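**Q** coords_2.txt is reproduced in full below (compact mmCIF, C-alpha atoms and all ligand atoms).
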```
# COMPACT_ATOMS: atom_id res chain seq x y z
CA MET A 1 109.97 70.81 129.23
CA LYS A 2 109.50 74.40 130.37
CA LEU A 3 110.86 76.52 127.55
CA LEU A 4 111.55 80.23 127.74
CA VAL A 5 111.30 81.68 124.22
CA THR A 6 112.64 85.19 123.58
CA GLY A 7 110.90 87.01 120.72
CA GLY A 8 107.84 84.77 120.89
CA ALA A 9 105.52 87.54 119.72
CA GLY A 10 107.40 87.84 116.43
CA PHE A 11 107.12 85.83 113.24
CA ILE A 12 109.26 82.74 113.85
CA GLY A 13 109.13 82.89 117.65
CA SER A 14 105.34 82.74 117.60
CA ALA A 15 105.45 79.65 115.36
CA VAL A 16 107.74 78.02 117.95
CA VAL A 17 105.44 79.05 120.81
CA ARG A 18 102.35 77.62 119.07
CA ARG A 19 104.11 74.38 118.15
CA ALA A 20 105.78 73.85 121.53
CA LEU A 21 102.53 74.33 123.43
CA ARG A 22 100.69 71.95 121.13
CA ALA A 23 103.46 69.41 121.69
CA GLY A 24 102.74 69.57 125.44
CA HIS A 25 105.60 71.80 126.59
CA GLU A 26 105.18 74.75 128.92
CA VAL A 27 106.20 78.04 127.31
CA VAL A 28 107.26 81.38 128.76
CA ASN A 29 107.20 83.98 126.01
CA LEU A 30 109.58 86.84 126.80
CA ASP A 31 109.22 89.76 124.40
CA ALA A 32 109.63 93.55 124.52
CA LEU A 33 106.76 93.97 122.01
CA THR A 34 108.60 96.19 119.53
CA TYR A 35 107.00 97.40 116.28
CA ALA A 36 107.58 93.90 114.81
CA ALA A 37 105.67 92.05 117.53
CA ASN A 38 102.03 91.15 117.55
CA PRO A 39 100.31 89.44 120.50
CA ALA A 40 97.71 88.20 117.97
CA ASN A 41 100.39 85.82 116.66
CA VAL A 42 99.95 83.67 119.77
CA ALA A 43 96.26 84.41 120.47
CA GLU A 44 95.20 80.88 119.54
CA VAL A 45 97.34 79.36 122.32
CA ALA A 46 97.43 82.20 124.87
CA ASP A 47 94.67 80.66 126.99
CA LEU A 48 96.38 77.29 127.33
CA PRO A 49 97.42 76.58 130.93
CA GLY A 50 101.08 76.06 129.98
CA TYR A 51 101.51 79.55 128.52
CA ALA A 52 102.94 82.62 130.25
CA PHE A 53 103.93 85.99 128.85
CA VAL A 54 106.63 88.30 130.22
CA ARG A 55 107.08 91.74 128.75
CA ALA A 56 110.81 92.36 129.10
CA ASP A 57 113.60 93.92 127.08
CA LEU A 58 116.87 92.12 126.40
CA ARG A 59 118.62 95.38 127.09
CA ASP A 60 117.43 95.18 130.72
CA ARG A 61 119.59 92.58 132.48
CA ALA A 62 117.66 92.81 135.76
CA ALA A 63 114.41 92.00 133.93
CA LEU A 64 116.03 88.88 132.46
CA ASP A 65 117.28 87.75 135.86
CA ALA A 66 113.81 88.27 137.32
CA ALA A 67 112.11 86.30 134.51
CA LEU A 68 114.47 83.34 134.98
CA ALA A 69 114.03 83.36 138.76
CA ALA A 70 110.25 83.60 138.48
CA HIS A 71 109.73 80.98 135.76
CA ARG A 72 112.67 78.56 136.25
CA PRO A 73 112.89 77.28 132.65
CA ASP A 74 114.57 74.03 131.63
CA ALA A 75 115.74 75.60 128.37
CA ILE A 76 115.90 78.92 126.56
CA MET A 77 115.35 79.48 122.85
CA HIS A 78 116.63 82.90 121.84
CA LEU A 79 114.91 84.46 118.84
CA ALA A 80 114.36 88.07 119.93
CA ALA A 81 116.19 90.39 117.57
CA GLU A 82 115.90 93.36 115.31
CA SER A 83 115.45 91.46 112.06
CA HIS A 84 114.89 93.77 109.08
CA VAL A 85 117.98 94.44 106.93
CA ASP A 86 116.57 97.69 105.48
CA ARG A 87 115.95 99.09 108.98
CA SER A 88 119.52 98.12 109.95
CA ILE A 89 120.81 100.34 107.13
CA ASP A 90 118.79 103.34 108.31
CA GLY A 91 119.30 102.82 112.06
CA PRO A 92 122.00 100.31 113.04
CA ALA A 93 122.13 101.35 116.72
CA ASP A 94 119.05 99.32 117.70
CA PHE A 95 120.61 96.26 116.05
CA ILE A 96 123.79 96.61 118.06
CA ALA A 97 121.85 97.18 121.30
CA THR A 98 119.38 94.30 120.94
CA ASN A 99 121.23 91.74 118.85
CA ILE A 100 124.67 92.08 120.43
CA THR A 101 124.29 93.66 123.87
CA GLY A 102 120.91 91.99 124.37
CA THR A 103 122.39 88.58 123.56
CA PHE A 104 125.28 89.31 125.94
CA ASN A 105 122.77 90.13 128.70
CA LEU A 106 120.84 86.94 128.04
CA LEU A 107 124.03 84.85 128.12
CA GLU A 108 125.06 86.39 131.41
CA ALA A 109 121.60 85.97 132.92
CA ALA A 110 121.43 82.35 131.68
CA ARG A 111 124.92 81.60 133.01
CA ALA A 112 124.11 83.04 136.45
CA TRP A 113 120.85 81.07 136.56
CA TRP A 114 122.47 77.82 135.39
CA GLU A 115 125.33 78.12 137.89
CA ALA A 116 122.97 78.98 140.74
CA GLN A 117 121.03 75.77 139.99
CA GLY A 118 124.23 73.68 140.22
CA ARG A 119 124.88 73.55 136.45
CA PRO A 120 122.09 71.09 135.58
CA ASP A 121 123.03 68.77 132.69
CA GLY A 122 119.74 69.12 130.90
CA PHE A 123 119.80 72.92 130.70
CA ARG A 124 120.31 74.39 127.25
CA LEU A 125 120.37 77.75 125.50
CA HIS A 126 119.52 77.58 121.80
CA HIS A 127 120.58 80.67 119.84
CA VAL A 128 118.66 81.18 116.60
CA SER A 129 120.67 82.87 113.88
CA THR A 130 120.66 83.49 110.17
CA ASP A 131 122.53 82.28 107.08
CA GLU A 132 123.30 85.95 106.37
CA VAL A 133 126.30 85.70 108.75
CA PHE A 134 128.09 83.77 105.99
CA GLY A 135 127.91 86.68 103.55
CA HIS A 136 126.75 85.94 100.04
CA LEU A 137 127.41 83.49 97.24
CA GLY A 138 128.02 83.73 93.51
CA PRO A 139 125.62 81.88 91.21
CA ASP A 140 127.77 78.73 91.05
CA ASP A 141 129.32 78.72 94.52
CA PRO A 142 128.67 75.70 96.75
CA ARG A 143 125.99 76.20 99.42
CA PHE A 144 126.72 77.37 103.00
CA THR A 145 127.87 74.61 105.34
CA GLU A 146 128.40 75.02 109.07
CA ALA A 147 132.18 75.17 108.40
CA MET A 148 131.89 78.28 106.23
CA PRO A 149 133.81 81.32 107.54
CA TYR A 150 131.69 84.26 108.66
CA ALA A 151 131.61 87.25 106.28
CA PRO A 152 128.54 89.39 107.10
CA ARG A 153 127.86 92.39 104.86
CA SER A 154 124.96 94.34 106.44
CA PRO A 155 124.58 95.91 109.89
CA TYR A 156 121.89 93.26 110.59
CA SER A 157 124.01 90.27 109.61
CA ALA A 158 127.10 91.70 111.34
CA SER A 159 125.13 92.07 114.57
CA LYS A 160 123.86 88.48 114.29
CA ALA A 161 127.40 87.23 113.57
CA ALA A 162 128.68 89.04 116.66
CA ALA A 163 125.95 87.39 118.74
CA ASP A 164 126.86 83.95 117.36
CA HIS A 165 130.49 84.52 118.39
CA LEU A 166 129.43 85.50 121.90
CA VAL A 167 127.28 82.38 122.25
CA ARG A 168 130.17 80.12 121.19
CA ALA A 169 132.55 81.97 123.51
CA TRP A 170 130.20 81.49 126.49
CA HIS A 171 130.19 77.76 125.74
CA GLU A 172 133.97 77.47 125.37
CA THR A 173 134.85 79.78 128.28
CA TYR A 174 132.15 79.10 130.86
CA GLY A 175 130.84 75.72 129.71
CA LEU A 176 127.33 77.09 129.18
CA PRO A 177 125.41 74.36 127.29
CA VAL A 178 124.46 76.04 124.03
CA VAL A 179 123.37 74.99 120.58
CA LEU A 180 123.09 77.24 117.53
CA SER A 181 121.20 77.21 114.27
CA ASN A 182 121.53 79.34 111.14
CA CYS A 183 118.52 79.47 108.92
CA SER A 184 117.64 80.70 105.45
CA ASN A 185 114.77 83.07 104.64
CA ASN A 186 111.46 82.09 106.24
CA TYR A 187 108.00 82.79 104.91
CA GLY A 188 104.45 81.84 105.87
CA PRO A 189 101.49 83.02 107.98
CA PHE A 190 102.03 85.87 110.49
CA HIS A 191 104.97 87.34 108.51
CA PHE A 192 105.20 91.07 109.25
CA PRO A 193 104.10 93.08 106.18
CA GLU A 194 107.45 94.80 105.62
CA LYS A 195 109.14 91.59 104.41
CA LEU A 196 109.30 90.62 100.75
CA ILE A 197 106.62 87.94 100.44
CA PRO A 198 103.83 89.76 102.34
CA VAL A 199 104.79 92.99 100.55
CA ILE A 200 104.24 91.26 97.20
CA ILE A 201 100.94 89.66 98.26
CA LEU A 202 99.46 92.85 99.71
CA ALA A 203 100.60 95.09 96.82
CA ALA A 204 99.04 92.63 94.36
CA LEU A 205 95.84 92.53 96.41
CA HIS A 206 95.61 96.34 96.50
CA GLY A 207 96.49 96.78 92.81
CA GLN A 208 99.60 98.74 93.78
CA PRO A 209 103.11 98.56 92.26
CA ILE A 210 104.97 95.46 93.48
CA PRO A 211 108.45 96.81 94.35
CA ILE A 212 111.35 94.54 93.36
CA TYR A 213 114.86 95.70 94.23
CA GLY A 214 117.34 95.99 91.34
CA ARG A 215 116.43 93.50 88.60
CA GLY A 216 115.09 90.88 91.03
CA GLN A 217 118.05 88.56 90.46
CA ASN A 218 118.91 88.12 94.17
CA VAL A 219 118.43 84.50 95.15
CA ARG A 220 117.09 83.37 98.53
CA ASP A 221 116.62 79.82 99.85
CA TRP A 222 113.06 79.80 101.17
CA LEU A 223 111.83 77.82 104.17
CA PHE A 224 108.22 77.58 105.34
CA VAL A 225 108.08 78.93 108.90
CA GLU A 226 106.25 75.90 110.35
CA ASP A 227 109.04 73.65 109.05
CA HIS A 228 111.58 75.94 110.70
CA ALA A 229 109.73 75.81 114.03
CA GLU A 230 109.75 72.02 113.90
CA ALA A 231 113.48 72.02 113.08
CA LEU A 232 114.23 74.40 115.95
CA LEU A 233 112.51 72.21 118.53
CA LEU A 234 114.45 69.24 117.18
CA VAL A 235 117.79 71.07 117.43
CA LEU A 236 116.95 72.22 120.95
CA GLN A 237 116.15 68.70 122.14
CA ARG A 238 118.47 66.52 120.07
CA GLY A 239 121.25 68.74 118.72
CA ARG A 240 124.74 68.21 120.08
CA THR A 241 125.85 70.72 122.70
CA GLY A 242 128.22 73.36 121.32
CA ARG A 243 127.30 72.55 117.75
CA SER A 244 125.57 74.60 115.07
CA TYR A 245 123.04 73.44 112.50
CA ASN A 246 122.22 75.01 109.14
CA ILE A 247 118.49 74.85 108.42
CA GLY A 248 117.26 75.44 104.88
CA GLY A 249 114.38 74.57 102.63
CA GLU A 250 116.45 73.55 99.57
CA ALA A 251 114.21 75.94 97.65
CA GLU A 252 116.35 78.56 95.94
CA ALA A 253 114.48 81.17 93.92
CA ALA A 254 115.27 84.63 92.55
CA ASN A 255 113.12 87.44 93.93
CA ILE A 256 111.59 88.07 90.51
CA ASP A 257 110.63 84.40 90.31
CA ILE A 258 108.95 84.63 93.75
CA ALA A 259 107.03 87.71 92.59
CA ARG A 260 105.85 85.96 89.43
CA ARG A 261 104.77 82.82 91.31
CA ILE A 262 102.79 84.88 93.81
CA CYS A 263 101.17 86.85 90.98
CA ALA A 264 100.13 83.59 89.33
CA LEU A 265 98.59 82.41 92.62
CA MET A 266 96.80 85.73 92.98
CA ASP A 267 95.44 85.41 89.42
CA GLU A 268 93.92 82.08 90.50
CA LEU A 269 92.82 82.91 94.07
CA HIS A 270 91.90 86.58 93.63
CA PRO A 271 91.22 86.95 89.91
CA SER A 272 89.69 90.42 89.99
CA GLY A 273 93.05 92.18 89.53
CA ALA A 274 94.57 89.72 87.05
CA PRO A 275 97.07 89.66 85.52
CA HIS A 276 98.86 90.74 88.68
CA ASP A 277 102.36 90.54 87.21
CA ARG A 278 101.68 93.78 85.33
CA LEU A 279 102.19 95.44 88.75
CA ILE A 280 105.83 94.27 89.12
CA THR A 281 108.03 97.39 89.28
CA PHE A 282 111.81 97.47 89.55
CA VAL A 283 113.07 99.97 92.14
CA PRO A 284 116.63 101.06 93.08
CA ASP A 285 118.58 98.27 94.72
CA ARG A 286 119.43 97.94 98.43
CA PRO A 287 123.05 99.06 99.08
CA GLY A 288 125.28 96.00 99.55
CA HIS A 289 122.40 93.71 98.55
CA ASP A 290 123.59 90.12 99.03
CA LEU A 291 123.35 88.27 95.73
CA ARG A 292 122.61 84.71 96.79
CA TYR A 293 122.04 82.64 99.93
CA ALA A 294 121.82 78.87 99.82
CA ILE A 295 121.93 76.46 102.74
CA ASP A 296 123.37 72.97 102.74
CA PRO A 297 121.11 71.26 105.31
CA SER A 298 122.96 67.91 105.27
CA ARG A 299 123.75 67.99 109.00
CA MET A 300 120.08 68.53 109.88
CA ARG A 301 119.13 65.65 107.62
CA ASP A 302 121.91 63.21 108.49
CA GLU A 303 122.18 63.81 112.26
CA LEU A 304 118.62 64.75 113.18
CA GLY A 305 116.59 63.19 110.37
CA TRP A 306 114.90 66.51 109.55
CA ARG A 307 113.70 67.61 106.15
CA PRO A 308 111.19 70.25 105.11
CA SER A 309 107.61 69.01 104.81
CA VAL A 310 106.32 71.42 102.18
CA THR A 311 107.66 72.48 98.79
CA LEU A 312 107.99 76.15 97.85
CA ASP A 313 104.89 75.92 95.66
CA GLN A 314 102.82 74.37 98.47
CA GLY A 315 104.11 76.86 101.02
CA LEU A 316 103.46 79.87 98.79
CA ARG A 317 99.91 78.68 98.12
CA ARG A 318 99.26 78.28 101.85
CA THR A 319 100.76 81.70 102.52
CA VAL A 320 98.81 83.59 99.87
CA THR A 321 95.60 81.87 100.97
CA TRP A 322 96.31 82.78 104.60
CA TYR A 323 96.81 86.48 103.80
CA LEU A 324 93.63 86.56 101.72
CA GLU A 325 91.72 85.09 104.67
CA HIS A 326 93.35 87.16 107.46
CA ARG A 327 92.85 90.81 106.61
CA ASP A 328 91.98 91.36 110.29
CA TRP A 329 95.53 90.30 111.20
CA TRP A 330 97.52 92.39 108.71
CA GLN A 331 95.35 95.47 108.25
CA PRO A 332 96.23 97.07 111.63
CA LEU A 333 99.95 96.48 111.01
CA LEU A 334 100.00 98.65 107.88
CA SER A 335 99.88 101.79 110.01
CA ARG A 336 102.93 100.88 112.09
CA PRO A 337 105.99 103.17 111.66
CA GLY A 338 107.88 102.60 108.41
CA VAL A 339 105.52 99.95 106.98
CA GLY A 340 104.81 100.59 103.31
CA GLN A 341 107.72 103.03 103.03
CA ARG A 342 110.96 102.46 101.17
CA LEU A 343 113.62 101.95 103.83
CA GLY A 344 117.34 101.25 103.64
CA VAL A 345 118.33 103.35 100.64
CA ALA A 346 121.04 105.36 102.44
CA GLY A 347 124.16 104.37 100.52
N1 LIG B 401 112.77 85.91 109.29
C1 LIG B 401 113.72 85.16 108.73
O1 LIG B 401 113.64 84.84 107.55
C2 LIG B 401 114.89 84.68 109.55
C3 LIG B 401 115.78 83.78 108.97
C4 LIG B 401 116.84 83.29 109.75
C5 LIG B 401 116.98 83.69 111.06
N2 LIG B 401 116.10 84.59 111.60
C6 LIG B 401 116.29 84.95 113.02
O2 LIG B 401 115.17 84.43 113.72
C7 LIG B 401 114.83 85.28 114.79
C8 LIG B 401 113.38 85.66 114.70
O3 LIG B 401 113.14 86.33 113.46
P1 LIG B 401 111.70 86.89 113.10
O4 LIG B 401 111.66 87.04 111.63
O5 LIG B 401 110.68 86.10 113.79
O6 LIG B 401 111.80 88.35 113.76
P2 LIG B 401 110.62 89.37 114.09
O7 LIG B 401 111.19 90.73 113.80
O8 LIG B 401 109.34 88.96 113.46
O9 LIG B 401 110.42 89.21 115.68
C9 LIG B 401 111.37 89.62 116.60
C10 LIG B 401 110.74 89.64 117.97
O10 LIG B 401 111.75 90.02 118.91
C11 LIG B 401 111.22 91.00 119.79
N3 LIG B 401 112.31 91.88 120.23
C12 LIG B 401 113.02 92.73 119.47
N4 LIG B 401 113.89 93.42 120.23
C13 LIG B 401 113.73 92.96 121.50
C14 LIG B 401 114.35 93.26 122.74
N5 LIG B 401 115.30 94.20 122.84
N6 LIG B 401 113.95 92.59 123.85
C15 LIG B 401 112.98 91.65 123.76
N7 LIG B 401 112.34 91.33 122.63
C16 LIG B 401 112.71 91.99 121.50
C17 LIG B 401 110.19 91.74 118.96
O11 LIG B 401 109.24 92.41 119.79
C18 LIG B 401 109.60 90.64 118.11
O12 LIG B 401 108.49 90.04 118.74
C19 LIG B 401 115.78 86.47 114.75
O13 LIG B 401 116.82 86.23 115.66
C20 LIG B 401 116.30 86.44 113.32
O14 LIG B 401 117.61 86.98 113.24
C21 LIG B 401 115.07 85.09 110.88
```
Since I need it in another form, could you write the structure as structure tokens?
Ligand SMILES: NC(=O)c1ccc[n+]([C@@H]2O[C@H](COP(=O)([O-])OP(=O)(O)OC[C@H]3O[C@@H](n4cnc5c(N)ncnc54)[C@H](O)[C@@H]3O)[C@@H](O)[C@H]2O)c1

**A**
Amino acid sequence: MKLLVTGGAGFIGSAVVRRALRAGHEVVNLDALTYAANPANVAEVADLPGYAFVRADLRDRAALDAALAAHRPDAIMHLAAESHVDRSIDGPADFIATNITGTFNLLEAARAWWEAQGRPDGFRLHHVSTDEVFGHLGPDDPRFTEAMPYAPRSPYSASKAAADHLVRAWHETYGLPVVLSNCSNNYGPFHFPEKLIPVIILAALHGQPIPIYGRGQNVRDWLFVEDHAEALLLVLQRGRTGRSYNIGGEAEAANIDIARRICALMDELHPSGAPHDRLITFVPDRPGHDLRYAIDPSRMRDELGWRPSVTLDQGLRRTVTWYLEHRDWWQPLLSRPGVGQRLGVAG
């Protein structure tokens, strides 16, 4: 299969690019290379003959048309997005432009391409979304299923919800063969150092305060990024057209619990600063901070036979070890705009 991946220089997209190439697929990585991108994420596969890179912006429809005409993909996996909730609070316009208008442009470009080819049966557009479109849960609420109504609460999740609606509408109205997935919080190697888990690891490593929003009671359902990449390729190839799939790690944990587990790993793997949990510092909460996300992944398991391969403890150990061994990867990113600063406090 020749797969065009949007956002393949980002965190999850790069895991898909690496995995798809190793599985023998050809990959066209289309990315605008925003602050969140890093070509180093795909360096280990960039020399493979099946790999091509296109620098293009989803906001530029003509560039999307040109990429499709030049590379003629069999399928598109759409991951490119503005993805950081705190940045969406400070500057929502980029989220509307990329996540909504950009997805609209991609749908229109894909539809034109697919129709010009005579509507090939095998063509497919897989839209990658988030569980945040469902809003948030109370401590005892049942987990998100695919039937859950949408109730986004941040500019980020609202923009992703809007994109999901567009994708479904393009399927219903124009027959475009789409499939969707909504995933819980990912973590693992190559995670940009503004997101919670790398922030905790790097603060602990540097002996700096580990910032935890509110009292750290917000619960996330963590999924190791390599497991997500595997699930995405499965949904793309075997998911039912027009259907959506919730992908989750069945690993709920409160943020304070994540911080403590990482500190314990740091005590073991980097003992010089131990005990690292003395660095945990509560800071003012994010406005509208969703309390709990939890995914019911039954459809993934029952229809596609997928389940996560690593536990949260195994995944955290691999992640902490990776950051300790890859200073050359994360060090240059610390000087990118906004990294290391408190964002998203405007209430
Ligand atoms: N990270 C998570 O925990 C998580 C969970 C569920 C779903 N998702 C979704 O998965 C996708 C990937 O997330 P991620 O964490 O890898 O994001 P990321 O921020 O690490 O990467 C996003 C990539 O998209 C590119 N991009 C941004 N705007 C673009 C534009 N206008 N045109 C072209 N490229 C552009 C960036 O350059 C970057 O390489 C997103 O759609 C996100 O909503 C993420």

**Q** Could you produce a table of the residues of chain A lying within 6 Å of ligand LIG 401 (chain B), with the nearest pair of atoms per residue and their separation in Å rounded to one decimal, using all atoms listed in the file, ordered by chain and increasing residue number, as a Markdown table?

**A**
```
| residue | atom | partner | partner_atom | distance |
| --- | --- | --- | --- | --- |
| A:Gly7 | CA | B:LIG401 | O10 | 3.6 |
| A:Gly8 | CA | B:LIG401 | O12 | 5.7 |
| A:Ala9 | CA | B:LIG401 | O12 | 4.0 |
| A:Gly10 | CA | B:LIG401 | O12 | 3.4 |
| A:Phe11 | CA | B:LIG401 | O5 | 3.6 |
| A:Ile12 | CA | B:LIG401 | O5 | 3.6 |
| A:Gly13 | CA | B:LIG401 | O5 | 5.3 |
| A:Asp31 | CA | B:LIG401 | N7 | 3.9 |
| A:Ala32 | CA | B:LIG401 | C15 | 3.9 |
| A:Leu33 | CA | B:LIG401 | O11 | 3.7 |
| A:Thr34 | CA | B:LIG401 | O11 | 3.8 |
| A:Ala36 | CA | B:LIG401 | O7 | 4.9 |
| A:Ala37 | CA | B:LIG401 | O12 | 3.7 |
| A:Ala56 | CA | B:LIG401 | C15 | 5.8 |
| A:Asp57 | CA | B:LIG401 | N6 | 3.5 |
| A:Leu58 | CA | B:LIG401 | N6 | 3.9 |
| A:Arg59 | CA | B:LIG401 | N5 | 5.5 |
| A:Leu79 | CA | B:LIG401 | O13 | 4.1 |
| A:Ala80 | CA | B:LIG401 | O10 | 3.4 |
| A:Ala81 | CA | B:LIG401 | C12 | 4.4 |
| A:Glu82 | CA | B:LIG401 | C12 | 5.1 |
| A:Ser83 | CA | B:LIG401 | O7 | 4.7 |
| A:Thr98 | CA | B:LIG401 | N5 | 4.5 |
| A:Val128 | CA | B:LIG401 | O13 | 5.5 |
| A:Ser129 | CA | B:LIG401 | C5 | 4.7 |
| A:Thr130 | CA | B:LIG401 | C5 | 3.8 |
| A:Cys183 | CA | B:LIG401 | C4 | 4.3 |
| A:Ser184 | CA | B:LIG401 | C3 | 5.0 |
| A:Asn185 | CA | B:LIG401 | O1 | 3.6 |
| A:Asn186 | CA | B:LIG401 | O1 | 3.7 |
```

**Q** How would the residues just picked look written out with C-alpha atoms as a PDB file, in the coordinates of the input?

**A**
```pdb
ATOM      1  CA  GLY A   7     110.900  87.010 120.720  1.00  0.00           C
ATOM      2  CA  GLY A   8     107.840  84.770 120.890  1.00  0.00           C
ATOM      3  CA  ALA A   9     105.520  87.540 119.720  1.00  0.00           C
ATOM      4  CA  GLY A  10     107.400  87.840 116.430  1.00  0.00           C
ATOM      5  CA  PHE A  11     107.120  85.830 113.240  1.00  0.00           C
ATOM      6  CA  ILE A  12     109.260  82.740 113.850  1.00  0.00           C
ATOM      7  CA  GLY A  13     109.130  82.890 117.650  1.00  0.00           C
ATOM      8  CA  ASP A  31     109.220  89.760 124.400  1.00  0.00           C
ATOM      9  CA  ALA A  32     109.630  93.550 124.520  1.00  0.00           C
ATOM     10  CA  LEU A  33     106.760  93.970 122.010  1.00  0.00           C
ATOM     11  CA  THR A  34     108.600  96.190 119.530  1.00  0.00           C
ATOM     12  CA  ALA A  36     107.580  93.900 114.810  1.00  0.00           C
ATOM     13  CA  ALA A  37     105.670  92.050 117.530  1.00  0.00           C
ATOM     14  CA  ALA A  56     110.810  92.360 129.100  1.00  0.00           C
ATOM     15  CA  ASP A  57     113.600  93.920 127.080  1.00  0.00           C
ATOM     16  CA  LEU A  58     116.870  92.120 126.400  1.00  0.00           C
ATOM     17  CA  ARG A  59     118.620  95.380 127.090  1.00  0.00           C
ATOM     18  CA  LEU A  79     114.910  84.460 118.840  1.00  0.00           C
ATOM     19  CA  ALA A  80     114.360  88.070 119.930  1.00  0.00           C
ATOM     20  CA  ALA A  81     116.190  90.390 117.570  1.00  0.00           C
ATOM     21  CA  GLU A  82     115.900  93.360 115.310  1.00  0.00           C
ATOM     22  CA  SER A  83     115.450  91.460 112.060  1.00  0.00           C
ATOM     23  CA  THR A  98     119.380  94.300 120.940  1.00  0.00           C
ATOM     24  CA  VAL A 128     118.660  81.180 116.600  1.00  0.00           C
ATOM     25  CA  SER A 129     120.670  82.870 113.880  1.00  0.00           C
ATOM     26  CA  THR A 130     120.660  83.490 110.170  1.00  0.00           C
ATOM     27  CA  CYS A 183     118.520  79.470 108.920  1.00  0.00           C
ATOM     28  CA  SER A 184     117.640  80.700 105.450  1.00  0.00           C
ATOM     29  CA  ASN A 185     114.770  83.070 104.640  1.00  0.00           C
ATOM     30  CA  ASN A 186     111.460  82.090 106.240  1.00  0.00           C
TER      31      ASN A 186
END
```

**Q** Distance atom CA of Cys263 of chain A-atom CA of Asp277 of chain A, one decimal place?

**A**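 Going from atom CA of Cys263 of chain A over to atom CA of Asp277 of chain A, I get 5.4 Å.
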
**Q** So that each row is one residue of segment 37-127 of chain A with an atom at most 12 Å from segment 240-256 of chain A, can you give its shortest atom pair and the distance in Å to one decimal, using all atoms listed in the file, rows by chain and rising number, as JSON lines?

**A**
```
{"residue": "A:Asp121", "atom": "CA", "partner": "A:Thr241", "partner_atom": "CA", "distance": 10.6}
{"residue": "A:Gly122", "atom": "CA", "partner": "A:Thr241", "partner_atom": "CA", "distance": 10.4}
{"residue": "A:Phe123", "atom": "CA", "partner": "A:Thr241", "partner_atom": "CA", "distance": 10.3}
{"residue": "A:Arg124", "atom": "CA", "partner": "A:Thr241", "partner_atom": "CA", "distance": 8.1}
{"residue": "A:Leu125", "atom": "CA", "partner": "A:Thr241", "partner_atom": "CA", "distance": 9.3}
{"residue": "A:His126", "atom": "CA", "partner": "A:Thr241", "partner_atom": "CA", "distance": 9.4}
{"residue": "A:His127", "atom": "CA", "partner": "A:Ser244", "partner_atom": "CA", "distance": 9.2}
```

**Q** Quick one: residues within 12 Å of Asp313 of chain A, only C-alpha atoms, excluding same-chain residues fewer than 6 positions away - as an MDAnalysis selection string?

**A** chainID A and resid 187:188 222:224 249 251:253 257:258 260:262 264:265 319:320

**Q** Given the choices A:Ala93, A:Ala40, A:Ala75, A:Ile100, which gets closest to Pro120 of chain A if the distance is worked out from all atoms listed in the file?

**A**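 Checking each of A:Ala93, A:Ala40, A:Ala75, A:Ile100 against Pro120 of chain A, counting all atoms listed in the file, the winner is A:Ala75.
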
**Q** Taking (121.7, 99.5, 110.5) in the file's coordinates as the center, which residues reach within 12 Å of it, counting only C-alpha atoms, put as number ranges by chain?

**A** A: 82-99, 153-160, 287, 343-347

**Q** I'd like the contact shell of His326 of chain A - 12 Å cut-off, only C-alpha atoms, skipping same-chain residues fewer than 4 positions apart - returned as a list of chain:residue names.

**A** A:Ala40, A:Asn41, A:Pro189, A:Phe190, A:His191, A:Pro198, A:Leu202, A:Thr319, A:Val320, A:Thr321, A:Trp322, A:Trp330, A:Gln331, A:Pro332, A:Leu333
